[in-house]
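Trainee: My questions all concern the structure below.
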Amino acid sequence: MAALSVVLVACGRPETGDGRSTGVAPTPGDYLAGGTIEYGHEQEPPCVHGGWVQNAYLARQYLDNLVSLADDGRVVPWLAQSWDISPDRRTYTFHLKPGVKFSDGTDLDAAAVKANIDRYLDPKTPNGTVTAYLGPYFESDDVVGTHTYRLHLNRPYEPLLTALTQGYFGIQSPTAFHRGKEANCRQPIGSGPFIIERWDRNRSITFVRNPNYNSAPANAKHQGPAYVDKLIWKFLKDPVLRYGSLTSGSSDVIYNVPAVNWAAATREFQTRQYITPGRPNALTLNTDHAPFDDVRVRQALAYAADRRKAVETAYLGVVPYNPNGALSQSTPDHDETAGTYPYDPKRAARLLDEAGWTGRDEDGVRTKNGRRLTARVVYPADAIVGAEGAAIVQDVAAQARTVGFDLVLEPATQSAYFGGRYAKANSTEAYVGYWTSPTPGLLLINWRQRLPDKPNPFNQAFYNDPHLQSVIEQANSATDPAQRTALYHQAQQIISDQALAIGLYTQTTSLAITPKLHDVWTEQSQGEPVFADARFVR
């Protein structure tokens with residue numbers, strides 16, 4: 001890191017609302033102007049901008065959103081200085097901050113916002129995550145004035161503002177869209193605190209300071225341009241290498257601290273841990289065909305393994321067990337009574353007997369009418385499920401084997417998992433994965449019916465229940481918070497009773513930061529690391 005001149009004097013420990021802050025206090029001293037932050041991340045997305053949380057992490061550095069999510073859960077101004085909601089809750093009018101420009105000189109006005117939303121929802125240029133949130137509710141949008149953008153919904157959608165805080169909804173330069181697909185994949189242009197200088201694939205993305213930045217969110221630690229000159233976002237997939245880069249000083253911050261190193265990291269570095277809201281890593285069971293088309297078999301699998309012990313053993317107590325497979329414990333309106341299914345192999349055995357899986361073959365696997373109780377389980381090895389997660393899945397498979405299941409684990413590459421190989425109903429029997437989201441409205445994305453005329457690839461259970469969908473839709477439109485909570489709880493109980501998603505562990509962002517770097521924080525919608533407020537001390 002380069003050091004220029006002293007600008008002011010450091011204070012004590014940074015605010016701790018950004019998740020759970022632990023570890024050592026920042027080093028006291030004089031702040032330095034400039035410098036380069038070297039950050040060791042994990043996964044590299046196929047494009048800089050997109051619909052995966054890994055894209056959202058990047059988006060926070062170079063894009064601005066309409067609104068931001070504060071530590072206390074309030075939606076606060078960002079590009080939108082204020083907004084109005086119509087009495088019928090179907091029209092949102094956003095009043096934009098004047099004088100904001102993209103780094104290519106294009107004005108960030110209402111027309112630019114409309115161009116982004118329309119592009120993200122266009123089937124020819126889609127952002128699948130934006131479409132999943134907004135598509136079922138979008139009616140139209142229009143430019144009311146130079147700095148006034150209006151969004152019309154076909155029905156009330158109470159999670160809207162919270163959903164808009166996520167990086168997927170960041171606003172890009174509409175002028176840059178005309179450069180073509182590859183240019184926008186490699187080097188999208190925003191109005192954020194950093195500008196993408198270059199992307200060295202399989203190595204790093206280099207961001208440089210945007211000297212004209214004037215549009216920080218209301219919950220930023222300061223207004224104005226970033227303090228540092230550069231941010232080098234390195235892709236260090238190997239966890240040993242990544243943690244070693246921090247201890248050796250070649251990285252100033254790293255993501256996803258290995259569980260085995262967490263205790264040491266809290267002794268030597270500043271640490272942040274953020275329990276990601278949304279859906280936890282869960283085992284989603286495909287109800288389209290045998291064996292998981294029978295609820296008794298699904299319930300038997302839920303009882304067959306000591307999932308809590310598997311998670312605590314693999315993660316050494318660092319990452320929480322999350323039995324509710326529908327929502328993570330940090331998600332608003334999470335129901336802690338859903339999905340419990342305590343370890344009970346005898347009950348699992350009885351359920352399999354009731355379902356007719358009463359035979360045993362020479363390997364001890366249960367049989368029914370000459371068919372083995374075999375199920376393929378796809379998990380994205382190293383793309384979503386790391387070494388600890390893989391150990392959990394393997395533990396679950398081994399314990400399920402004792403009651404007669406034959407779970408065949410199929411590790412998938414990132415490209416295969418996201419590329420559609422497992423999109424067909426008969427491609428596998430179970431999936432492992434998560435979905436980050438700051439709102440329980442996510443339930444509609446995961447459990448909206450998957451119908452020929454209304455496809456929903458995010459319903460990986462292939463479970464079509466119009467009543468469940470109706471309950472979630474009512475929750476999304478309910479203006480009374482108590483009613484909304486009751487409906488979301490009802491939906492989670494249906495998912496739990498049907499054993500559609502067997503919860504494993506929370507998706508967790510952890511950061512370890514050198515004591516000489518102050519004010520790195522994680523925002524609240526998805527745990528995106530924020531570097532615009534960070535600065536070094538002498």
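So you can find residues: chains in the structure tokens are A, B, ... in the order shown, residues in each start at 1, and ligands are numbered from 1 in order.
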Please identify all polymer residues within 9 Å of Ser415 (chain A), counting only C-alpha atoms, omitting same-chain residues fewer than 4 positions from it, and present them as an mmCIF file with all heavy atoms, in the first residue's frame.

Mentor:
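That gives us part.cif:
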```cif
data_model
loop_
_atom_site.group_PDB
_atom_site.id
_atom_site.type_symbol
_atom_site.label_atom_id
_atom_site.label_comp_id
_atom_site.auth_asym_id
_atom_site.auth_seq_id
_atom_site.Cartn_x
_atom_site.Cartn_y
_atom_site.Cartn_z
ATOM 1 N N PRO A 46 -18.624 -15.046 -13.816
ATOM 2 C CA PRO A 46 -18.311 -15.036 -15.252
ATOM 3 C C PRO A 46 -18.334 -13.644 -15.864
ATOM 4 O O PRO A 46 -17.676 -13.410 -16.877
ATOM 5 C CB PRO A 46 -19.394 -15.936 -15.862
ATOM 6 C CG PRO A 46 -20.493 -15.971 -14.863
ATOM 7 C CD PRO A 46 -19.840 -15.818 -13.521
ATOM 8 N N ALA A 383 -17.764 -23.844 -5.626
ATOM 9 C CA ALA A 383 -18.409 -22.667 -6.186
ATOM 10 C C ALA A 383 -19.337 -22.034 -5.154
ATOM 11 O O ALA A 383 -19.414 -20.831 -5.033
ATOM 12 C CB ALA A 383 -19.201 -23.033 -7.442
ATOM 13 N N GLY A 419 -25.255 -23.261 -15.259
ATOM 14 C CA GLY A 419 -25.426 -23.275 -16.710
ATOM 15 C C GLY A 419 -26.613 -24.039 -17.232
ATOM 16 O O GLY A 419 -26.793 -24.157 -18.442
ATOM 17 N N GLY A 420 -27.438 -24.593 -16.364
ATOM 18 C CA GLY A 420 -28.654 -25.243 -16.821
ATOM 19 C C GLY A 420 -28.608 -26.751 -16.910
ATOM 20 O O GLY A 420 -29.599 -27.372 -17.291
ATOM 21 N N ARG A 421 -27.476 -27.366 -16.563
ATOM 22 C CA ARG A 421 -27.390 -28.823 -16.659
ATOM 23 C C ARG A 421 -28.439 -29.507 -15.790
ATOM 24 O O ARG A 421 -28.947 -30.576 -16.138
ATOM 25 C CB ARG A 421 -25.988 -29.309 -16.267
ATOM 26 C CG ARG A 421 -25.884 -30.836 -16.252
ATOM 27 C CD ARG A 421 -24.543 -31.322 -15.733
ATOM 28 N NE ARG A 421 -23.466 -31.051 -16.676
ATOM 29 C CZ ARG A 421 -22.213 -31.472 -16.484
ATOM 30 N NH1 ARG A 421 -21.898 -32.155 -15.390
ATOM 31 N NH2 ARG A 421 -21.279 -31.204 -17.374
#
```

Trainee: Please return, as a VMD selection string, all residues of region 99-161 of chain A that DSSP assigns to strand (DSSP E) on the basis of the backbone.

Mentor: chain A and resid 138 to 145 148 to 153

Trainee: Using only C-alpha atoms, what table do you get, as CSV, when you list each residue of region 208-286 of chain A with an atom no more than 12 Å from region 153-173 of chain A, its nearest pair of atoms, and their distance in Å rounded to one decimal, rows by chain then rising number?

Mentor:
```
residue,atom,partner,partner_atom,distance
A:Pro217,CA,A:Thr165,CA,10.4
A:Asn219,CA,A:Thr165,CA,12.0
A:Pro277,CA,A:Gln166,CA,11.9
A:Gly278,CA,A:Ala163,CA,11.1
```

Trainee: Convert the current residue selection to file output with C-alpha atoms, as a short mmCIF file (atom, residue, chain, number, x, y, z; two decimals), in the first residue's frame.

Mentor:
```
data_model
loop_
_atom_site.label_atom_id
_atom_site.label_comp_id
_atom_site.auth_asym_id
_atom_site.auth_seq_id
_atom_site.Cartn_x
_atom_site.Cartn_y
_atom_site.Cartn_z
CA PRO A 217 -25.66 6.52 0.63
CA ASN A 219 -25.52 5.29 5.90
CA PRO A 277 -30.32 -13.27 5.37
CA GLY A 278 -32.31 -15.10 2.72
#
```

Trainee: Please identify all polymer residues within 6 Å of Arg279 (chain A), counting only C-alpha atoms, omitting same-chain residues fewer than 6 positions from it, and present them as a PDB file with N, CA and C atoms, in the first residue's frame.

Mentor:
```pdb
ATOM      1  N   ALA A 326     -36.182 -22.925   4.664  1.00  0.00           N
ATOM      2  CA  ALA A 326     -36.854 -21.902   3.866  1.00  0.00           C
ATOM      3  C   ALA A 326     -36.222 -20.530   4.033  1.00  0.00           C
ATOM      4  N   LEU A 327     -35.840 -20.173   5.269  1.00  0.00           N
ATOM      5  CA  LEU A 327     -35.264 -18.857   5.530  1.00  0.00           C
ATOM      6  C   LEU A 327     -34.123 -18.958   6.531  1.00  0.00           C
ATOM      7  N   SER A 328     -33.127 -18.141   6.319  1.00  0.00           N
ATOM      8  CA  SER A 328     -32.020 -18.037   7.262  1.00  0.00           C
ATOM      9  C   SER A 328     -32.475 -17.336   8.538  1.00  0.00           C
ATOM     10  N   TYR A 434     -27.936 -22.004  -1.620  1.00  0.00           N
ATOM     11  CA  TYR A 434     -28.493 -20.933  -0.793  1.00  0.00           C
ATOM     12  C   TYR A 434     -28.976 -19.821  -1.697  1.00  0.00           C
ATOM     13  N   TRP A 435     -29.630 -18.826  -1.114  1.00  0.00           N
ATOM     14  CA  TRP A 435     -30.033 -17.622  -1.851  1.00  0.00           C
ATOM     15  C   TRP A 435     -29.984 -16.464  -0.867  1.00  0.00           C
TER      16      TRP A 435
END
```

Trainee: Please extract the residues of region 246-312 of chain A with a backbone DSSP assignment of helix (DSSP H, G or I) and present them as a count of residues only.

Mentor: 28

Trainee: Ranking A:Pro342, A:Gly190, A:Gly433, A:Gly145 by minimum distance to Tyr417 (chain A) and counting only C-alpha atoms, which one comes first?

Mentor: A:Gly433

Trainee: Give me, please, the distance in Å between CA of Ala56 (chain A) and CA of Tyr213 (chain A), quoted to one decimal.

Mentor: 19.5 Å
